[in-house]
Amino acid sequence: MKLRFTKMQGLGNDFIVLDGVRERIALDPATVQRLGDRHFGIGFDQLLLVEPPADPRHDFRYRIFNASGEEVEHCGNGARCFLKFVRDVGLTDKTELAVETARGVIYPRLEANGEVTVDMGPPALLPAQVPFVAERDDIVHPLEVAGRVVGITVVSMGNPHAVQLVDDVDTDLVQTLGPLIERHPRFPHKVNAGFMQIVGRDEIRLRVYERGAGETLACGTGACAAVVAGIRRGLLDATVRVHTRGGGLIIAWAGPGTPVLMTGPAATVFEGTIVL
């Protein structure tokens, strides 16, 4: 079987995108793992499968798989690449879409400068919604990891995040604590571990150890979660530039009950065919 794919990236967070509208594509974890292998396959952080919507009022549905083979709920950088892909391959000429995901409907919009803004929906802030095992709803929760206690703020952007403040993101904390937080027993579905350095009230630096993918050059939902966490802690203003290792995003959030807006670039790297 020959499988056509498009390799894309959003701030270095890389994807392959498959057209499941024009072709019928069946995926299982082993196939996703094979495709995601950077030595024997194509290599990616996530695979995006574009499909027709379940509800005709919407434009598309898309599914997201980590390189480990597991299907996940949401991907911010992937949402921007998704919009560019469906326009580039001629599936639509719209500049704003309603797209079904496992966590609900999102609304990516193409801006005049070529960047994409995504309405990521309101964040879920209660521990049970993340989910996170906690006795009460606090903005900062203590979490024991490797014999030390760190303070985390938990947020769900349709997928779970644990955000902690650090003095400097250029340390080995991401690689040492990240895997331990990702699979900590207080997160029943695992978690994306975010490490946030405050530069100013409108600027942060961020690294994220993603569940099922390891550290990526950028994490869109992680950037949203970090800004939400910083605003809830009274440390950030409503619009924040987030510096990741792959580049910058603009994240805006007006407060509880309102959607998080994410703006950033998306680019096609190459197209190809692989024999399965």
# chains A, B, ... in the order shown; residues from 1 in each chain; ligands from 1

call {"tool": "residues_around", "arguments": {"residues": "Glu135 (chain A)", "least_positions_apart": "6", "cutoff": "12 Å", "atoms": "only C-alpha atoms", "output": "number ranges by chain"}}
result
A: 126-128, 141-142, 186

call {"tool": "write_last_selection", "arguments": {"atoms": "all heavy atoms", "output": "PDB file, in the first residue's frame"}}
result
ATOM      1  N   LEU A 126     -10.737  22.905  36.642  1.00  0.00           N
ATOM      2  CA  LEU A 126     -10.926  22.061  37.817  1.00  0.00           C
ATOM      3  C   LEU A 126     -10.064  20.808  37.711  1.00  0.00           C
ATOM      4  O   LEU A 126      -9.955  20.213  36.632  1.00  0.00           O
ATOM      5  CB  LEU A 126     -12.394  21.668  37.966  1.00  0.00           C
ATOM      6  CG  LEU A 126     -13.379  22.801  38.223  1.00  0.00           C
ATOM      7  CD1 LEU A 126     -14.813  22.270  38.247  1.00  0.00           C
ATOM      8  CD2 LEU A 126     -13.046  23.502  39.540  1.00  0.00           C
ATOM      9  N   PRO A 127      -9.434  20.366  38.800  1.00  0.00           N
ATOM     10  CA  PRO A 127      -8.572  19.181  38.744  1.00  0.00           C
ATOM     11  C   PRO A 127      -9.243  17.964  38.122  1.00  0.00           C
ATOM     12  O   PRO A 127      -8.623  17.254  37.327  1.00  0.00           O
ATOM     13  CB  PRO A 127      -8.221  18.936  40.219  1.00  0.00           C
ATOM     14  CG  PRO A 127      -8.283  20.294  40.848  1.00  0.00           C
ATOM     15  CD  PRO A 127      -9.405  20.999  40.145  1.00  0.00           C
ATOM     16  N   ALA A 128     -10.509  17.733  38.460  1.00  0.00           N
ATOM     17  CA  ALA A 128     -11.201  16.553  37.926  1.00  0.00           C
ATOM     18  C   ALA A 128     -11.370  16.622  36.419  1.00  0.00           C
ATOM     19  O   ALA A 128     -11.511  15.592  35.748  1.00  0.00           O
ATOM     20  CB  ALA A 128     -12.567  16.404  38.594  1.00  0.00           C
ATOM     21  N   HIS A 141      -0.775  23.496  43.041  1.00  0.00           N
ATOM     22  CA  HIS A 141      -0.800  22.235  43.772  1.00  0.00           C
ATOM     23  C   HIS A 141       0.628  21.761  44.014  1.00  0.00           C
ATOM     24  O   HIS A 141       1.461  21.810  43.096  1.00  0.00           O
ATOM     25  CB  HIS A 141      -1.524  21.149  42.973  1.00  0.00           C
ATOM     26  CG  HIS A 141      -2.969  21.424  42.743  1.00  0.00           C
ATOM     27  ND1 HIS A 141      -3.955  21.018  43.613  1.00  0.00           N
ATOM     28  CD2 HIS A 141      -3.598  22.066  41.717  1.00  0.00           C
ATOM     29  CE1 HIS A 141      -5.139  21.389  43.140  1.00  0.00           C
ATOM     30  NE2 HIS A 141      -4.947  22.030  41.999  1.00  0.00           N
ATOM     31  N   PRO A 142       0.927  21.268  45.222  1.00  0.00           N
ATOM     32  CA  PRO A 142       2.236  20.639  45.430  1.00  0.00           C
ATOM     33  C   PRO A 142       2.255  19.256  44.795  1.00  0.00           C
ATOM     34  O   PRO A 142       1.298  18.501  44.891  1.00  0.00           O
ATOM     35  CB  PRO A 142       2.338  20.551  46.957  1.00  0.00           C
ATOM     36  CG  PRO A 142       0.916  20.498  47.430  1.00  0.00           C
ATOM     37  CD  PRO A 142       0.115  21.300  46.449  1.00  0.00           C
ATOM     38  N   ARG A 186      -0.712  10.753  39.828  1.00  0.00           N
ATOM     39  CA  ARG A 186      -1.829  11.660  40.082  1.00  0.00           C
ATOM     40  C   ARG A 186      -2.466  12.172  38.790  1.00  0.00           C
ATOM     41  O   ARG A 186      -3.482  12.862  38.831  1.00  0.00           O
ATOM     42  CB  ARG A 186      -1.364  12.839  40.953  1.00  0.00           C
ATOM     43  CG  ARG A 186      -1.007  12.417  42.379  1.00  0.00           C
ATOM     44  CD  ARG A 186      -0.530  13.588  43.217  1.00  0.00           C
ATOM     45  NE  ARG A 186      -1.593  14.535  43.515  1.00  0.00           N
ATOM     46  CZ  ARG A 186      -1.400  15.690  44.154  1.00  0.00           C
ATOM     47  NH1 ARG A 186      -0.164  16.027  44.535  1.00  0.00           N
ATOM     48  NH2 ARG A 186      -2.409  16.507  44.395  1.00  0.00           N
TER      49      ARG A 186
END

call {"tool": "select_by_dssp", "arguments": {"residues": "region 124-269 of chain A", "states": "alpha helix (DSSP H)", "output": "PyMOL selection string"}}
result
chain A and resi 173-182+220-232

call {"tool": "closest_residue", "arguments": {"among": "A:Glu115, A:Asp37, A:Asp168, A:Asp88", "to": "Gly10 (chain A)", "atoms": "only C-alpha atoms"}}
result
A:Glu115

call {"tool": "residues_around", "arguments": {"residues": "region 64-73 of chain A", "least_positions_apart": "2", "cutoff": "7 Å", "atoms": "only C-alpha atoms", "output": "VMD selection string"}}
result
chain A and resid 29 to 30 32 to 33 36 44 to 49 62 101 to 103 158 to 159 212 to 213

call {"tool": "write_last_selection", "arguments": {"atoms": "N, CA and C atoms", "output": "CSV table (one decimal), in the first residue's frame"}}
result
chain,number,residue,atom,x,y,z
A,29,PRO,N,-2.0,1.6,16.0
A,29,PRO,CA,-0.8,2.1,16.7
A,29,PRO,C,0.5,1.6,16.1
A,30,ALA,N,0.6,0.4,15.6
A,30,ALA,CA,1.8,-0.1,15.1
A,30,ALA,C,2.2,0.7,13.8
A,32,VAL,N,1.2,3.8,13.0
A,32,VAL,CA,1.6,5.1,13.4
A,32,VAL,C,3.1,5.1,14.0
A,33,GLN,N,3.4,4.1,14.8
A,33,GLN,CA,4.7,4.0,15.3
A,33,GLN,C,5.8,3.9,14.2
A,36,GLY,N,6.2,7.1,12.4
A,36,GLY,CA,6.8,8.1,13.3
A,36,GLY,C,8.3,7.9,13.6
A,44,PHE,N,8.0,12.2,13.0
A,44,PHE,CA,7.1,13.3,13.4
A,44,PHE,C,6.9,13.3,14.9
A,45,ASP,N,6.4,14.5,15.4
A,45,ASP,CA,5.9,14.6,16.7
A,45,ASP,C,4.5,14.0,16.8
A,46,GLN,N,3.6,14.4,15.8
A,46,GLN,CA,2.2,14.0,15.7
A,46,GLN,C,1.9,13.7,14.3
A,47,LEU,N,0.9,12.8,14.1
A,47,LEU,CA,0.3,12.5,12.8
A,47,LEU,C,-1.1,13.1,12.8
A,48,LEU,N,-1.5,13.8,11.8
A,48,LEU,CA,-2.8,14.5,11.7
A,48,LEU,C,-3.6,13.8,10.5
A,49,LEU,N,-4.7,13.3,10.8
A,49,LEU,CA,-5.6,12.6,9.8
A,49,LEU,C,-6.8,13.5,9.5
A,62,TYR,N,-10.6,16.3,12.3
A,62,TYR,CA,-9.3,15.7,12.2
A,62,TYR,C,-8.9,15.0,13.5
A,101,THR,N,-12.7,18.0,16.6
A,101,THR,CA,-11.6,17.3,17.2
A,101,THR,C,-12.2,16.4,18.3
A,102,ALA,N,-11.3,15.6,18.9
A,102,ALA,CA,-11.8,14.7,20.0
A,102,ALA,C,-12.2,15.5,21.2
A,103,ARG,N,-11.8,16.8,21.3
A,103,ARG,CA,-12.2,17.6,22.5
A,103,ARG,C,-13.3,18.6,22.1
A,158,GLY,N,-8.2,20.6,26.5
A,158,GLY,CA,-8.7,19.4,25.8
A,158,GLY,C,-7.7,18.3,26.0
A,159,ASN,N,-6.5,18.6,26.4
A,159,ASN,CA,-5.5,17.6,26.8
A,159,ASN,C,-4.9,18.2,28.1
A,212,GLY,N,3.9,11.1,25.4
A,212,GLY,CA,3.9,10.3,24.2
A,212,GLY,C,4.8,10.8,23.1
A,213,ALA,N,5.5,11.9,23.3
A,213,ALA,CA,6.4,12.5,22.3
A,213,ALA,C,7.7,13.0,22.8

call {"tool": "atom_distance", "arguments": {"atom1": "CA of Ala226 (chain A)", "atom2": "CA of Met262 (chain A)"}}
result
12.1 Å
